[in-house]
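Chemist: The structure file entry_25.txt (compact mmCIF, C-alpha atoms and all ligand atoms) is provided below.
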```txt
# COMPACT_ATOMS: atom_id res chain seq x y z
CA MET A 233 -36.09 -40.00 -13.10
CA THR A 234 -36.93 -36.85 -15.00
CA THR A 235 -40.33 -35.23 -15.46
CA ALA A 236 -41.15 -32.16 -17.52
CA VAL A 237 -43.66 -29.81 -15.91
CA ILE A 238 -45.16 -27.45 -18.48
CA GLY A 239 -47.13 -24.75 -16.70
CA THR A 240 -45.68 -23.42 -13.46
CA GLY A 241 -48.66 -21.49 -12.10
CA THR A 242 -50.68 -22.26 -8.96
CA LEU A 243 -50.99 -26.01 -9.47
CA GLY A 244 -47.84 -26.68 -11.52
CA SER A 245 -45.65 -25.11 -8.87
CA VAL A 246 -47.12 -27.33 -6.12
CA ILE A 247 -46.71 -30.42 -8.31
CA ALA A 248 -43.10 -29.46 -9.01
CA HIS A 249 -42.28 -28.85 -5.33
CA LEU A 250 -43.79 -32.17 -4.24
CA LEU A 251 -42.12 -34.18 -7.01
CA ALA A 252 -38.76 -32.57 -6.29
CA SER A 253 -39.17 -33.31 -2.57
CA GLY A 254 -39.67 -36.94 -3.50
CA GLY A 255 -36.44 -37.05 -5.51
CA GLU A 256 -37.64 -36.40 -9.08
CA THR A 257 -35.54 -34.30 -11.45
CA LEU A 258 -37.60 -31.62 -13.22
CA ARG A 259 -37.51 -29.66 -16.46
CA LEU A 260 -39.80 -26.63 -16.23
CA SER A 261 -41.38 -24.33 -18.77
CA SER A 262 -44.19 -21.80 -18.81
CA ALA A 263 -45.66 -19.27 -21.21
CA ASP A 264 -42.91 -16.67 -20.84
CA ASN A 265 -40.67 -18.77 -18.55
CA GLU A 266 -40.55 -16.10 -15.83
CA SER A 267 -42.61 -18.19 -13.38
CA ALA A 268 -40.60 -21.28 -14.41
CA ARG A 269 -37.35 -19.45 -13.59
CA MET A 270 -38.65 -18.33 -10.19
CA LEU A 271 -39.86 -21.82 -9.38
CA ALA A 272 -36.57 -23.43 -10.43
CA ALA A 273 -34.73 -20.98 -8.16
CA GLU A 274 -36.99 -21.95 -5.24
CA ILE A 275 -36.54 -25.68 -5.85
CA GLY A 276 -32.80 -25.60 -6.39
CA ARG A 277 -30.67 -28.31 -7.95
CA ALA A 278 -33.51 -30.72 -8.76
CA ALA A 279 -35.07 -28.33 -11.30
CA VAL A 280 -33.84 -26.73 -14.49
CA VAL A 281 -35.63 -24.24 -16.72
CA ALA A 282 -36.03 -25.45 -20.26
CA ARG A 283 -35.58 -23.07 -23.19
CA ASP A 284 -39.22 -23.65 -24.22
CA ASN A 285 -41.98 -26.25 -24.08
CA ARG A 286 -40.30 -28.48 -26.66
CA ASP A 287 -36.99 -28.34 -24.86
CA ALA A 288 -38.73 -29.32 -21.60
CA LEU A 289 -39.34 -32.77 -23.09
CA GLN A 290 -35.65 -33.32 -23.82
CA GLY A 291 -34.58 -36.38 -21.87
CA ALA A 292 -37.81 -36.44 -19.84
CA ASP A 293 -39.53 -39.73 -19.01
CA ALA A 294 -42.89 -38.05 -18.47
CA VAL A 295 -44.61 -34.71 -18.85
CA VAL A 296 -47.18 -33.02 -16.63
CA LEU A 297 -49.26 -30.46 -18.52
CA ALA A 298 -50.32 -28.15 -15.67
CA LEU A 299 -52.22 -25.85 -18.00
CA ARG A 300 -55.64 -24.32 -18.18
CA PHE A 301 -57.85 -26.46 -20.40
CA THR A 302 -58.02 -23.67 -23.00
CA ALA A 303 -54.18 -23.70 -23.38
CA LEU A 304 -53.87 -27.47 -23.51
CA ARG A 305 -54.49 -28.19 -27.16
CA GLY A 306 -52.12 -25.49 -28.43
CA VAL A 307 -49.28 -26.75 -26.24
CA ILE A 308 -49.93 -30.37 -27.22
CA ASP A 309 -49.77 -29.35 -30.90
CA GLU A 310 -46.47 -27.58 -30.23
CA ILE A 311 -44.83 -30.64 -28.63
CA VAL A 312 -46.78 -33.40 -30.37
CA ASP A 313 -43.80 -35.12 -32.02
CA ARG A 314 -42.06 -35.38 -28.63
CA LEU A 315 -44.95 -37.14 -26.89
CA THR A 316 -44.65 -40.52 -28.56
CA ASP A 317 -43.66 -43.15 -26.00
CA LYS A 318 -44.05 -40.70 -23.10
CA LEU A 319 -46.33 -40.66 -20.11
CA VAL A 320 -48.55 -37.57 -20.42
CA VAL A 321 -50.18 -36.49 -17.16
CA VAL A 322 -53.03 -34.01 -17.38
CA PRO A 323 -54.49 -32.37 -14.25
CA SER A 324 -56.63 -29.84 -16.14
CA ASN A 325 -60.25 -29.31 -15.26
CA PRO A 326 -62.29 -28.38 -18.35
CA LEU A 327 -63.33 -25.01 -16.96
CA GLY A 328 -63.47 -21.54 -18.44
CA ILE A 329 -63.98 -18.13 -16.82
CA ASP A 330 -65.90 -15.37 -18.60
CA ALA A 331 -65.28 -11.61 -18.34
CA GLN A 332 -67.61 -11.42 -15.31
CA GLY A 333 -65.64 -14.11 -13.50
CA ASN A 334 -68.30 -16.79 -13.94
CA VAL A 335 -66.85 -20.29 -14.12
CA SER A 336 -68.42 -22.84 -16.44
CA ARG A 337 -67.61 -26.28 -17.82
CA LEU A 338 -66.30 -26.03 -21.38
CA LEU A 339 -67.51 -29.45 -22.53
CA PRO A 340 -71.04 -30.76 -22.99
CA LYS A 341 -72.52 -32.53 -19.96
CA GLY A 342 -71.37 -36.12 -19.86
CA GLN A 343 -68.40 -35.64 -22.20
CA ALA A 344 -65.25 -36.81 -20.43
CA SER A 345 -62.37 -34.34 -20.64
CA GLY A 346 -59.94 -37.28 -20.69
CA GLU A 347 -61.47 -38.61 -23.89
CA VAL A 348 -61.19 -35.17 -25.48
CA VAL A 349 -57.52 -34.86 -24.46
CA ALA A 350 -56.80 -38.42 -25.65
CA GLY A 351 -58.05 -37.35 -29.08
CA TRP A 352 -55.44 -34.56 -29.19
CA LEU A 353 -52.49 -36.86 -28.43
CA PRO A 354 -50.39 -38.75 -30.97
CA ALA A 355 -50.35 -42.54 -31.17
CA GLY A 356 -47.90 -43.94 -28.63
CA ALA A 357 -48.44 -41.25 -25.99
CA ARG A 358 -49.68 -42.76 -22.73
CA LEU A 359 -52.30 -40.57 -21.04
CA ALA A 360 -53.23 -40.45 -17.39
CA MET A 361 -55.56 -37.84 -15.95
CA ALA A 362 -54.14 -37.12 -12.48
CA PHE A 363 -52.86 -34.48 -10.06
CA GLY A 364 -55.88 -32.22 -10.62
CA THR A 365 -58.24 -33.80 -8.11
CA LEU A 366 -57.40 -31.52 -5.18
CA ALA A 367 -57.27 -27.73 -4.91
CA ALA A 368 -53.61 -26.70 -4.86
CA ASP A 369 -53.48 -25.77 -1.15
CA LEU A 370 -55.28 -28.96 -0.11
CA PHE A 371 -53.00 -30.96 -2.41
CA GLU A 372 -49.90 -29.46 -0.84
CA SER A 373 -51.06 -29.91 2.75
CA SER A 374 -52.20 -33.52 2.17
CA SER A 375 -48.82 -34.75 0.88
CA GLU A 376 -46.99 -37.22 3.15
CA ARG A 377 -50.03 -37.38 5.45
CA SER A 378 -49.37 -39.40 8.57
CA PRO A 379 -50.04 -41.99 9.93
CA GLU A 380 -51.84 -42.99 6.73
CA LEU A 381 -50.96 -41.52 3.33
CA ALA A 382 -53.78 -39.69 1.56
CA VAL A 383 -54.93 -41.03 -1.79
CA LEU A 384 -54.57 -39.36 -5.16
CA PHE A 385 -57.01 -40.75 -7.69
CA TYR A 386 -56.13 -41.14 -11.36
CA VAL A 387 -57.72 -42.59 -14.49
CA THR A 388 -56.10 -44.17 -17.51
CA ASP A 389 -56.78 -46.72 -20.24
CA ASP A 390 -53.15 -47.78 -20.40
CA ASP A 391 -51.58 -50.23 -17.93
CA ARG A 392 -48.08 -48.88 -18.42
CA ALA A 393 -49.30 -45.31 -17.91
CA GLY A 394 -50.93 -46.55 -14.70
CA GLU A 395 -47.63 -47.92 -13.39
CA GLU A 396 -45.78 -44.75 -14.36
CA VAL A 397 -48.29 -42.33 -12.88
CA GLU A 398 -48.45 -44.40 -9.71
CA ARG A 399 -44.70 -43.90 -9.31
CA LEU A 400 -45.14 -40.13 -9.71
CA ILE A 401 -48.04 -40.06 -7.26
CA ARG A 402 -45.95 -41.93 -4.67
CA THR A 403 -43.04 -39.59 -5.34
CA ALA A 404 -45.37 -36.67 -4.54
CA GLY A 405 -46.25 -38.24 -1.18
CA PHE A 406 -49.60 -39.90 -1.90
CA GLU A 407 -51.03 -43.38 -2.30
CA PRO A 408 -52.30 -43.89 -5.89
CA VAL A 409 -55.75 -45.33 -6.53
CA LYS A 410 -57.14 -45.90 -10.02
CA ALA A 411 -60.71 -44.67 -10.41
CA GLY A 412 -61.25 -46.30 -13.80
CA GLY A 413 -60.58 -45.72 -17.47
CA ILE A 414 -60.24 -42.34 -19.18
CA GLU A 415 -64.02 -42.18 -19.65
CA GLN A 416 -64.28 -41.79 -15.85
CA SER A 417 -62.27 -38.53 -15.77
CA GLY A 418 -65.41 -36.55 -14.87
CA ARG A 419 -65.28 -38.13 -11.40
CA LEU A 420 -61.93 -36.40 -10.78
CA GLU A 421 -62.80 -32.92 -11.93
CA VAL A 422 -64.52 -30.03 -10.12
CA GLY A 423 -68.07 -31.24 -9.43
CA GLY A 424 -67.05 -34.91 -9.61
CA ASP A 425 -67.57 -37.20 -6.62
CA LEU A 426 -63.81 -37.77 -6.14
CA HIS A 427 -62.79 -34.11 -6.42
CA ASP A 428 -61.30 -32.61 -3.25
CA LEU A 429 -61.81 -35.94 -1.50
CA VAL A 430 -58.99 -36.58 0.96
CA VAL A 431 -59.22 -40.17 2.14
CA GLY A 432 -56.96 -43.11 2.94
CA PRO A 433 -56.60 -46.20 0.72
CA THR A 434 -59.33 -48.33 2.32
CA GLU A 435 -62.04 -45.70 1.97
CA ALA A 436 -60.76 -44.80 -1.52
CA ARG A 437 -61.08 -48.39 -2.74
CA SER A 438 -64.60 -48.58 -1.36
CA VAL A 439 -65.66 -45.50 -3.35
CA THR A 440 -64.00 -46.67 -6.55
CA GLY A 441 -65.18 -50.26 -6.14
CA GLY A 442 -61.55 -51.36 -6.53
CA ALA A 443 -61.39 -50.18 -10.19
N1 LIG B 1 -55.11 -24.14 -9.04
C1 LIG B 1 -55.68 -25.19 -8.49
O1 LIG B 1 -55.95 -25.26 -7.28
C2 LIG B 1 -56.01 -26.39 -9.37
C3 LIG B 1 -56.44 -27.58 -8.75
C4 LIG B 1 -56.75 -28.68 -9.53
C5 LIG B 1 -56.62 -28.61 -10.92
N2 LIG B 1 -56.22 -27.43 -11.48
C6 LIG B 1 -56.09 -27.37 -12.94
O2 LIG B 1 -54.72 -27.15 -13.26
C7 LIG B 1 -54.63 -26.34 -14.44
C8 LIG B 1 -53.71 -25.17 -14.14
O3 LIG B 1 -54.34 -24.37 -13.16
P1 LIG B 1 -53.53 -23.23 -12.39
O4 LIG B 1 -54.43 -22.76 -11.32
O5 LIG B 1 -52.18 -23.71 -12.05
O6 LIG B 1 -53.43 -22.11 -13.54
P2 LIG B 1 -52.45 -20.88 -13.60
O7 LIG B 1 -52.01 -20.50 -12.24
O8 LIG B 1 -53.10 -19.88 -14.46
O9 LIG B 1 -51.15 -21.46 -14.36
C9 LIG B 1 -51.21 -21.76 -15.71
C10 LIG B 1 -49.79 -21.96 -16.18
O10 LIG B 1 -49.85 -22.26 -17.57
C11 LIG B 1 -48.80 -21.59 -18.19
N3 LIG B 1 -49.06 -21.44 -19.61
C12 LIG B 1 -50.07 -20.81 -20.25
N4 LIG B 1 -49.93 -20.90 -21.59
C13 LIG B 1 -48.79 -21.62 -21.78
C14 LIG B 1 -48.09 -22.04 -22.93
N5 LIG B 1 -48.52 -21.75 -24.16
N6 LIG B 1 -46.95 -22.74 -22.77
C15 LIG B 1 -46.48 -23.04 -21.53
N7 LIG B 1 -47.11 -22.67 -20.40
C16 LIG B 1 -48.23 -21.97 -20.53
C17 LIG B 1 -48.71 -20.25 -17.48
O11 LIG B 1 -47.45 -19.68 -17.76
P3 LIG B 1 -46.96 -18.30 -17.05
O12 LIG B 1 -46.69 -18.65 -15.63
O13 LIG B 1 -45.70 -17.97 -17.79
O14 LIG B 1 -48.08 -17.32 -17.24
C18 LIG B 1 -48.89 -20.72 -16.05
O15 LIG B 1 -47.64 -21.11 -15.51
C19 LIG B 1 -56.06 -25.91 -14.79
O16 LIG B 1 -56.52 -26.67 -15.87
C20 LIG B 1 -56.86 -26.22 -13.53
O17 LIG B 1 -58.18 -26.63 -13.85
C21 LIG B 1 -55.90 -26.33 -10.74
```
Turn this file's structure into structure tokens for me.

Modeler:
Amino acid sequence: MTTAVIGTGTLGSVIAHLLASGGETLRLSSADNESARMLAAEIGRAAVVARDNRDALQGADAVVLALRFTALRGVIDEIVDRLTDKLVVVPSNPLGIDAQGNVSRLLPKGQASGEVVAGWLPAGARLAMAFGTLAADLFESSSERSPELAVLFYVTDDDRAGEEVERLIRTAGFEPVKAGGIEQSGRLEVGGDLHDLVVGPTEARSVTGGA
């Protein structure tokens, strides 16, 4: 199947490599497409560079928005009419960095980033917050863990989105475990109890209470 990956920086490039290794076909785009072109060249036949963000959605079954939280809304607005009836996967942590390099959360305490993103999407788009729970290097090195696959947690309010994101998570070499509805997205992000947690399925289900 085909997935668009918009944003081919540190995290997007790892997501793309892992999905391509699992057999997914990819359509890539980035801000100026230079990093998308380099990534497509690294991946080879499984990846093509789209003309732009809108073109990335052409023929795609799903889209991963591997963007900084501050870029997310603008890109969603740009592609909004192409998101109806698509799985939209968002790995973004709601973090900003000031001129001094200080990192802070961009949303008020207790406000779930997933609920904010859901409010930016059109009716008919199916949102799952996923693929942003592990730092990129840990994410890459934990794929296809043996003898027991590592878990990638996700949250969604939509059963069909759950099935679709589970397929992508398996394609990337992980065992999917749902951590709850979109309102639980804070558990996945930096500072959340499931962030950077590399565990197998049994331990994962005990921490999520089998959500
Ligand atoms: N890095 C990690 O370890 C990690 C781990 C977990 C979650 N996350 C989350 O993943 C998200 C991405 O992080 P990152 O570290 O990968 O950031 P990054 O390296 O800065 O990459 C951001 C990507 O977004 C692209 N971009 C920016 N504006 C765009 C636009 N208007 N249209 C299309 N593409 C656009 C950039 O394009 P160009 O390449 O052309 O500049 C770049 O490819 C963040 O929200 C972060 O919280 C990151």

Chemist: Is it possible to get the axis-aligned box enclosing ligand LIG 1 (chain B) (all listed atoms, 4 Å extra per side) as JSON, with centre and edge lengths in Å rounded to one decimal?

Modeler:
```
{"center_x": -51.9, "center_y": -23.0, "center_z": -15.7, "size_x": 20.5, "size_y": 19.4, "size_z": 24.9}
```

Chemist: Would you mind listing what lies within 12 Å of Arg399 (chain A) as JSON, numbers by chain, with only C-alpha atoms counted and same-chain residues fewer than 6 positions away left out?

Modeler: {"A": [233, 234, 235, 251, 254, 255, 256, 293, 294, 319, 384, 386, 392, 393, 405, 406, 407, 408, 409]}

Chemist: Which residue gives the smallest distance to Asp390 (chain A) among A:Asp309, A:Asp317, A:Glu274, A:Glu266, with only C-alpha atoms counted?

Modeler: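 Checking each of A:Asp309, A:Asp317, A:Glu274, A:Glu266 against Asp390 (chain A), counting only C-alpha atoms, the winner is A:Asp317.
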
Chemist: Return as CSV the residues of chain A lying at most 8 Å from ligand LIG 1 (chain B), together with the closest atom-to-atom pair for each and the distance in Å to one decimal, counting all atoms listed in the file, with rows in chain order and ascending residue number.

Modeler:
```
residue,atom,partner,partner_atom,distance
A:Ile238,CA,B:LIG1,N7,5.5
A:Gly239,CA,B:LIG1,O10,3.8
A:Thr240,CA,B:LIG1,O15,3.7
A:Gly241,CA,B:LIG1,O9,3.4
A:Thr242,CA,B:LIG1,O5,3.7
A:Leu243,CA,B:LIG1,O5,3.7
A:Gly244,CA,B:LIG1,O5,5.3
A:Ser245,CA,B:LIG1,O5,7.4
A:Ser261,CA,B:LIG1,C15,5.9
A:Ser262,CA,B:LIG1,N7,3.4
A:Ala263,CA,B:LIG1,O13,3.7
A:Asp264,CA,B:LIG1,O13,4.3
A:Asn265,CA,B:LIG1,O13,5.1
A:Glu266,CA,B:LIG1,O13,5.8
A:Ser267,CA,B:LIG1,O12,4.7
A:Ala268,CA,B:LIG1,O12,6.7
A:Asp284,CA,B:LIG1,C15,7.8
A:Asn285,CA,B:LIG1,C15,6.1
A:Leu297,CA,B:LIG1,C7,7.9
A:Ala298,CA,B:LIG1,C8,4.8
A:Leu299,CA,B:LIG1,C8,4.2
A:Arg300,CA,B:LIG1,O16,3.4
A:Phe301,CA,B:LIG1,O16,4.7
A:Thr302,CA,B:LIG1,O16,7.9
A:Ala303,CA,B:LIG1,N4,5.4
A:Leu304,CA,B:LIG1,N5,7.9
A:Gly306,CA,B:LIG1,N5,6.7
A:Val307,CA,B:LIG1,N5,5.5
A:Pro323,CA,B:LIG1,O2,5.3
A:Ser324,CA,B:LIG1,O16,3.2
A:Asn325,CA,B:LIG1,O17,3.7
A:Pro326,CA,B:LIG1,O17,6.3
A:Leu327,CA,B:LIG1,O17,6.2
A:Phe363,CA,B:LIG1,C4,7.0
A:Gly364,CA,B:LIG1,C5,3.7
A:Thr365,CA,B:LIG1,C4,5.5
A:Leu366,CA,B:LIG1,C4,5.2
A:Ala367,CA,B:LIG1,O1,3.7
A:Ala368,CA,B:LIG1,O1,3.7
A:Asp369,CA,B:LIG1,O1,6.6
A:Phe371,CA,B:LIG1,C3,8.0
A:Glu421,CA,B:LIG1,C5,7.6
A:Val422,CA,B:LIG1,C4,7.9
```

Chemist: In the coordinate frame of the file, compute which residues have an atom within 6 Å of (-41.8, -28.9, -27.4) when using only C-alpha atoms, and state them as an mmCIF file with C-alpha atoms, in the frame of the given file.

Modeler:
```cif
data_model
loop_
_atom_site.group_PDB
_atom_site.id
_atom_site.type_symbol
_atom_site.label_atom_id
_atom_site.label_comp_id
_atom_site.auth_asym_id
_atom_site.auth_seq_id
_atom_site.Cartn_x
_atom_site.Cartn_y
_atom_site.Cartn_z
ATOM 1 C CA ASN A 285 -41.980 -26.250 -24.080
ATOM 2 C CA ARG A 286 -40.300 -28.480 -26.660
ATOM 3 C CA ASP A 287 -36.990 -28.340 -24.860
ATOM 4 C CA GLU A 310 -46.470 -27.580 -30.230
ATOM 5 C CA ILE A 311 -44.830 -30.640 -28.630
#
```

Chemist: For Leu250 (chain A), list every protein, DNA or RNA residue within 8 Å, evaluated using all atoms listed in the file, and leave out those in the same chain fewer than 5 positions away; present the list as a PyMOL selection string.

Modeler: chain A and resi 372+375+403-405

Chemist: Let me make sure I understand: among A:Gln416, A:Ser345, A:Ser378, A:Gln290, which one has the smallest atom-to-atom distance to Gly432 (chain A) if we use all atoms listed in the file?

Modeler: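 Answer, going by the shortest atom-to-atom distance: A:Ser378.
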
Chemist: Extract, using all atoms listed in the file, all DNA, RNA and protein residues at most 7 Å from Met361 (chain A), discarding same-chain residues fewer than 2 positions from it, and format them as a ChimeraX atom specification.

Modeler: /A:321-323,346,359,386-388,417

Chemist: So what do you get for CA of Arg259 (chain A) versus CA of Val237 (chain A), distance-wise?

Modeler: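 Separation between CA of Arg259 (chain A) and CA of Val237 (chain A): 6.2 Å.
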
Chemist: I need region 366-377 of chain A written out with all heavy atoms, as a short mmCIF file (atom, residue, chain, number, x, y, z; two decimals), in the first residue's frame; please produce it.

Modeler:
```cif
data_model
loop_
_atom_site.label_atom_id
_atom_site.label_comp_id
_atom_site.auth_asym_id
_atom_site.auth_seq_id
_atom_site.Cartn_x
_atom_site.Cartn_y
_atom_site.Cartn_z
N LEU A 366 9.04 7.49 20.41
CA LEU A 366 10.45 7.18 20.68
C LEU A 366 11.34 8.19 19.97
O LEU A 366 11.04 8.60 18.83
CB LEU A 366 10.80 5.78 20.16
CG LEU A 366 9.99 4.61 20.71
CD1 LEU A 366 10.43 3.30 20.04
CD2 LEU A 366 10.15 4.50 22.23
N ALA A 367 12.44 8.57 20.60
CA ALA A 367 13.45 9.39 19.92
C ALA A 367 13.91 8.64 18.68
O ALA A 367 13.97 7.40 18.66
CB ALA A 367 14.64 9.62 20.86
N ALA A 368 14.22 9.39 17.61
CA ALA A 368 14.45 8.78 16.30
C ALA A 368 15.48 7.65 16.33
O ALA A 368 15.28 6.60 15.72
CB ALA A 368 14.88 9.86 15.32
N ASP A 369 16.59 7.83 17.06
CA ASP A 369 17.62 6.79 17.06
C ASP A 369 17.14 5.54 17.80
O ASP A 369 17.38 4.41 17.38
CB ASP A 369 18.95 7.31 17.63
CG ASP A 369 18.79 8.01 18.97
OD1 ASP A 369 17.64 8.21 19.42
OD2 ASP A 369 19.82 8.34 19.59
N LEU A 370 16.40 5.76 18.89
CA LEU A 370 15.85 4.63 19.65
C LEU A 370 14.77 3.92 18.82
O LEU A 370 14.68 2.68 18.81
CB LEU A 370 15.25 5.15 20.96
CG LEU A 370 14.71 4.13 21.96
CD1 LEU A 370 15.80 3.17 22.41
CD2 LEU A 370 14.10 4.86 23.17
N PHE A 371 13.98 4.68 18.12
CA PHE A 371 12.95 4.15 17.23
C PHE A 371 13.58 3.24 16.18
O PHE A 371 13.18 2.09 15.98
CB PHE A 371 12.23 5.35 16.60
CG PHE A 371 11.17 5.03 15.59
CD1 PHE A 371 10.23 4.04 15.81
CD2 PHE A 371 11.10 5.76 14.41
CE1 PHE A 371 9.24 3.77 14.87
CE2 PHE A 371 10.12 5.51 13.47
CZ PHE A 371 9.19 4.50 13.69
N GLU A 372 14.63 3.76 15.55
CA GLU A 372 15.28 2.99 14.48
C GLU A 372 15.88 1.70 15.03
O GLU A 372 15.72 0.63 14.45
CB GLU A 372 16.36 3.86 13.82
CG GLU A 372 16.96 3.23 12.61
CD GLU A 372 17.72 4.25 11.77
OE1 GLU A 372 18.29 5.20 12.36
OE2 GLU A 372 17.72 4.10 10.54
N SER A 373 16.57 1.81 16.17
CA SER A 373 17.28 0.63 16.68
C SER A 373 16.33 -0.39 17.31
O SER A 373 16.71 -1.54 17.50
CB SER A 373 18.36 1.05 17.69
OG SER A 373 17.75 1.64 18.82
N SER A 374 15.10 0.02 17.62
CA SER A 374 14.15 -0.91 18.26
C SER A 374 13.29 -1.67 17.26
O SER A 374 12.58 -2.59 17.63
CB SER A 374 13.23 -0.15 19.22
OG SER A 374 13.98 0.53 20.19
N SER A 375 13.36 -1.28 15.98
CA SER A 375 12.56 -1.95 14.95
C SER A 375 13.02 -3.40 14.79
O SER A 375 14.22 -3.68 14.88
CB SER A 375 12.73 -1.20 13.62
OG SER A 375 12.18 -1.94 12.57
N GLU A 376 12.06 -4.29 14.56
CA GLU A 376 12.34 -5.72 14.34
C GLU A 376 13.15 -6.30 15.48
O GLU A 376 14.02 -7.15 15.28
CB GLU A 376 13.07 -5.95 13.00
CG GLU A 376 12.29 -5.52 11.77
CD GLU A 376 11.03 -6.34 11.47
OE1 GLU A 376 10.78 -7.33 12.20
OE2 GLU A 376 10.29 -5.97 10.55
N ARG A 377 12.88 -5.85 16.71
CA ARG A 377 13.59 -6.38 17.88
C ARG A 377 13.32 -7.88 18.00
O ARG A 377 12.22 -8.35 17.73
CB ARG A 377 13.11 -5.65 19.14
CG ARG A 377 14.01 -5.86 20.33
CD ARG A 377 13.50 -5.13 21.54
NE ARG A 377 12.34 -5.78 22.12
CZ ARG A 377 11.89 -5.54 23.35
NH1 ARG A 377 12.51 -4.64 24.11
NH2 ARG A 377 10.84 -6.16 23.82
#
```
